[in-house]
Amino acid sequence: MAIGIIGGSGLYALDELAVSERARITTEWGEPSSLLVCGTLKDKRVVFLARHGETHAIPPHRINYRANIASLQQCGVTAIFAINVVGGINGEMCPGDLVIPNQIIDYTWGREHTYSDSDTLPLQHVDFTDPYDQALRATLLQAAIGAGITVHAEGVYGATQGPRLESAAEISRMANDGCDIVGMTGMPEAALARELGIPYACLALVVNMAAGLGNQQITMDEIEAVMAQQIPAIRQLLVSTCERL
Ligand code: HPA
């Protein structure tokens, strides 16, 4: 068993990993965003992938999500933890907060979002009632409790196209739809993992209040300040999670 960790904005490497190999993988769907960094963490095999590339050069809509998930599978990954930064829509999910979402609404478009348009895999209509793996979510939650890290145990993730942020009216519509948080990279990643049968859970860091709900404008400065402050807690939570698997 190997644990896949997909690092999002602010998490481009996992210093805690005792690295044994940096693998350049090619898949039927092309190249993943970065080298796959393989190693051990708390005696578990871990494979780390930087979703936007190691220098954050790949925007959300240009990420090759299919190659990313397939490359992790090729490396023997049987469980994926995805780290995503998000905006808060629910007034209780504020900058600095961590959320383990249990549901997702997909507003993205035009992304290569399935393996079912290749000749290799048969057409499948995968069940996506619960888009995130319950056992992995429970492990994350228990690890957070054990490490004294506060998390929101549930939330609805709204996945938008980006790379621009949303208008206030779009956020208002998403709030009406039931979204608690908004991010640009949650889909099609979660669905592709489901298609390949790999259990997948997300740990989301709220870095700003979504458009129209906080400051008059959302700035990269405020987002980067929250990331710098909270990425250590995410690292700690990932270590505790690996320990429990
Ligand atoms: N919207 C979409 N994606 C995001 C946001 C946001 O407000 N903050 C961080 N990622």
# chains A, B, ... in the order shown; residues from 1 in each chain; ligands from 1
>>> residues_around(residues="A:Tyr12", least_positions_apart="3", cutoff="9 Å", atoms="only C-alpha atoms", output="PyMOL selection string")
chain A and resi 6-9+48-56
>>> residues_near_ligand(ligand="ligand 1", cutoff="7 Å", atoms="only C-alpha atoms and all ligand atoms", output="PyMOL selection string")
chain A and resi 85-88+160+162+165-166+182-184+206-211
>>> write_last_selection(atoms="C-alpha atoms", output="short mmCIF file (atom, residue, chain, number, x, y, z; two decimals), in the first residue's frame")
data_model
loop_
_atom_site.label_atom_id
_atom_site.label_comp_id
_atom_site.auth_asym_id
_atom_site.auth_seq_id
_atom_site.Cartn_x
_atom_site.Cartn_y
_atom_site.Cartn_z
CA VAL A 85 -6.88 25.96 -0.70
CA VAL A 86 -10.37 27.42 -0.85
CA GLY A 87 -12.50 30.46 -0.17
CA GLY A 88 -15.04 30.36 2.66
CA THR A 160 -15.19 26.54 -10.06
CA GLY A 162 -10.86 29.74 -12.45
CA LEU A 165 -11.97 34.40 -8.60
CA GLU A 166 -15.77 34.52 -8.55
CA VAL A 182 -15.14 27.28 -3.10
CA GLY A 183 -11.99 26.17 -4.90
CA MET A 184 -10.73 25.57 -8.42
CA VAL A 206 -9.72 28.35 3.86
CA VAL A 207 -7.48 31.23 2.79
CA ASN A 208 -10.03 34.02 2.22
CA MET A 209 -13.72 34.74 2.54
CA ALA A 210 -15.28 34.25 -0.89
CA ALA A 211 -16.20 37.20 -3.09
#
>>> closest_residue(among="A:Pro60, A:Gly178, A:Pro188, A:Pro101", to="A:Arg137", atoms="only C-alpha atoms")
A:Pro101
>>> residues_around(residues="A:Asp177", least_positions_apart="5", cutoff="10 Å", atoms="only C-alpha atoms", output="ChimeraX atom specification")
/A:105,156,158,171-172
>>> closest_residue(among="A:Thr120, A:Ser20, A:Thr114, A:Asn84", to="A:Ala159", atoms="only C-alpha atoms")
A:Asn84
>>> atom_distance(atom1="atom CA of A:Gly186", atom2="atom CA of A:Asp15")
23.8 Å
>>> closest_atom_pairs(of="stretch 22-114 of chain A", to="stretch 193-200 of chain A", cutoff="10 Å", atoms="only C-alpha atoms", output="CSV")
residue,atom,partner,partner_atom,distance
A:Tyr65,CA,A:Ala193,CA,9.5
A:Arg66,CA,A:Ala193,CA,8.8
A:Asn68,CA,A:Ala193,CA,9.7
A:Ile69,CA,A:Ala193,CA,6.2
A:Ala70,CA,A:Leu196,CA,7.9
A:Leu72,CA,A:Ile198,CA,9.6
A:Gln73,CA,A:Ile198,CA,7.9
A:Val77,CA,A:Ile198,CA,7.8
A:Thr78,CA,A:Ile198,CA,5.6
A:Ala79,CA,A:Pro199,CA,5.0
A:Ile80,CA,A:Tyr200,CA,4.7
A:Phe81,CA,A:Tyr200,CA,6.0
A:Ala82,CA,A:Tyr200,CA,7.4
A:Thr114,CA,A:Glu195,CA,7.6
>>> write_last_selection(atoms="C-alpha atoms", output="PDB file, in the first residue's frame")
ATOM      1  CA  TYR A  65      -5.830  15.663 -13.713  1.00  0.00           C
ATOM      2  CA  ARG A  66      -6.081  12.374 -15.595  1.00  0.00           C
ATOM      3  CA  ASN A  68      -1.928  12.991 -12.170  1.00  0.00           C
ATOM      4  CA  ILE A  69      -4.303  10.357 -10.818  1.00  0.00           C
ATOM      5  CA  ALA A  70      -3.146   7.680 -13.273  1.00  0.00           C
ATOM      6  CA  LEU A  72      -0.216   7.853  -8.707  1.00  0.00           C
ATOM      7  CA  GLN A  73      -1.949   4.587  -9.501  1.00  0.00           C
ATOM      8  CA  VAL A  77      -1.007   4.380  -4.631  1.00  0.00           C
ATOM      9  CA  THR A  78      -4.134   2.962  -3.011  1.00  0.00           C
ATOM     10  CA  ALA A  79      -5.363   6.016  -1.072  1.00  0.00           C
ATOM     11  CA  ILE A  80      -5.160   9.714  -1.910  1.00  0.00           C
ATOM     12  CA  PHE A  81      -5.215  12.770   0.331  1.00  0.00           C
ATOM     13  CA  ALA A  82      -5.704  15.954  -1.660  1.00  0.00           C
ATOM     14  CA  THR A 114     -13.148  11.122 -17.334  1.00  0.00           C
TER      15      THR A 114
END
>>> residues_around(residues="A:Gln74", least_positions_apart="6", cutoff="12 Å", atoms="only C-alpha atoms", output="PyMOL selection string")
chain A and resi 2+4+23-28+32+36+47+67-68+196+198
>>> decode(residues="stretch 75-91 of chain A", atoms="all heavy atoms", output="short mmCIF file (atom, residue, chain, number, x, y, z; two decimals), in the first residue's frame")
data_model
loop_
_atom_site.label_atom_id
_atom_site.label_comp_id
_atom_site.auth_asym_id
_atom_site.auth_seq_id
_atom_site.Cartn_x
_atom_site.Cartn_y
_atom_site.Cartn_z
N CYS A 75 2.20 4.20 -9.57
CA CYS A 75 3.19 4.06 -8.50
C CYS A 75 2.66 3.23 -7.33
O CYS A 75 3.28 3.20 -6.26
CB CYS A 75 3.60 5.44 -7.99
SG CYS A 75 4.73 6.25 -9.11
N GLY A 76 1.51 2.62 -7.51
CA GLY A 76 0.99 1.72 -6.49
C GLY A 76 0.17 2.40 -5.40
O GLY A 76 -0.10 1.80 -4.35
N VAL A 77 -0.24 3.65 -5.65
CA VAL A 77 -1.01 4.38 -4.63
C VAL A 77 -2.41 3.80 -4.50
O VAL A 77 -3.10 3.56 -5.49
CB VAL A 77 -1.07 5.89 -5.00
CG1 VAL A 77 -2.19 6.59 -4.27
CG2 VAL A 77 0.27 6.54 -4.69
N THR A 78 -2.81 3.56 -3.25
CA THR A 78 -4.13 2.96 -3.01
C THR A 78 -5.02 3.86 -2.14
O THR A 78 -6.11 3.46 -1.73
CB THR A 78 -3.98 1.59 -2.33
OG1 THR A 78 -3.07 1.72 -1.23
CG2 THR A 78 -3.44 0.56 -3.31
N ALA A 79 -4.55 5.04 -1.82
CA ALA A 79 -5.36 6.02 -1.07
C ALA A 79 -4.77 7.39 -1.35
O ALA A 79 -3.54 7.55 -1.38
CB ALA A 79 -5.31 5.72 0.42
N ILE A 80 -5.65 8.37 -1.58
CA ILE A 80 -5.16 9.71 -1.91
C ILE A 80 -5.72 10.74 -0.94
O ILE A 80 -6.92 10.79 -0.67
CB ILE A 80 -5.56 10.11 -3.35
CG1 ILE A 80 -4.90 9.18 -4.38
CG2 ILE A 80 -5.20 11.57 -3.65
CD1 ILE A 80 -5.34 9.43 -5.82
N PHE A 81 -4.81 11.58 -0.42
CA PHE A 81 -5.21 12.77 0.33
C PHE A 81 -4.87 13.98 -0.53
O PHE A 81 -3.71 14.17 -0.92
CB PHE A 81 -4.49 12.85 1.67
CG PHE A 81 -4.92 11.77 2.62
CD1 PHE A 81 -4.15 10.64 2.79
CD2 PHE A 81 -6.11 11.89 3.32
CE1 PHE A 81 -4.55 9.62 3.65
CE2 PHE A 81 -6.53 10.88 4.18
CZ PHE A 81 -5.75 9.74 4.35
N ALA A 82 -5.89 14.78 -0.81
CA ALA A 82 -5.70 15.95 -1.66
C ALA A 82 -5.77 17.21 -0.79
O ALA A 82 -6.70 17.36 0.02
CB ALA A 82 -6.81 16.00 -2.71
N ILE A 83 -4.78 18.06 -0.95
CA ILE A 83 -4.76 19.32 -0.19
C ILE A 83 -5.18 20.44 -1.15
O ILE A 83 -4.61 20.56 -2.25
CB ILE A 83 -3.35 19.60 0.37
CG1 ILE A 83 -2.77 18.36 1.07
CG2 ILE A 83 -3.38 20.81 1.30
CD1 ILE A 83 -3.59 17.80 2.19
N ASN A 84 -6.17 21.22 -0.74
CA ASN A 84 -6.67 22.30 -1.61
C ASN A 84 -6.87 23.57 -0.79
O ASN A 84 -7.38 23.51 0.32
CB ASN A 84 -8.05 21.91 -2.18
CG ASN A 84 -8.03 20.62 -2.97
OD1 ASN A 84 -7.96 19.54 -2.39
ND2 ASN A 84 -8.10 20.70 -4.27
N VAL A 85 -6.49 24.71 -1.36
CA VAL A 85 -6.88 25.96 -0.70
C VAL A 85 -8.20 26.43 -1.30
O VAL A 85 -8.48 26.20 -2.48
CB VAL A 85 -5.80 27.07 -0.81
CG1 VAL A 85 -4.51 26.63 -0.16
CG2 VAL A 85 -5.59 27.51 -2.23
N VAL A 86 -9.00 27.06 -0.46
CA VAL A 86 -10.37 27.42 -0.85
C VAL A 86 -10.76 28.76 -0.25
O VAL A 86 -10.11 29.27 0.67
CB VAL A 86 -11.39 26.35 -0.36
CG1 VAL A 86 -11.16 25.00 -1.03
CG2 VAL A 86 -11.35 26.21 1.17
N GLY A 87 -11.86 29.31 -0.79
CA GLY A 87 -12.50 30.46 -0.17
C GLY A 87 -13.64 29.99 0.71
O GLY A 87 -14.25 28.95 0.45
N GLY A 88 -13.94 30.72 1.75
CA GLY A 88 -15.04 30.36 2.66
C GLY A 88 -16.35 31.01 2.21
O GLY A 88 -16.38 32.22 1.94
N ILE A 89 -17.39 30.21 2.11
CA ILE A 89 -18.73 30.74 1.80
C ILE A 89 -19.58 30.70 3.07
O ILE A 89 -20.21 31.69 3.45
CB ILE A 89 -19.39 29.92 0.66
CG1 ILE A 89 -18.56 30.03 -0.63
CG2 ILE A 89 -20.82 30.39 0.43
CD1 ILE A 89 -19.10 29.21 -1.80
N ASN A 90 -19.60 29.56 3.72
CA ASN A 90 -20.25 29.42 5.03
C ASN A 90 -19.54 30.37 6.01
O ASN A 90 -18.31 30.32 6.14
CB ASN A 90 -20.11 27.96 5.47
CG ASN A 90 -20.77 27.67 6.79
OD1 ASN A 90 -20.79 28.52 7.68
ND2 ASN A 90 -21.28 26.47 6.91
N GLY A 91 -20.32 31.20 6.69
CA GLY A 91 -19.74 32.19 7.60
C GLY A 91 -18.91 31.60 8.73
O GLY A 91 -18.14 32.30 9.38
#
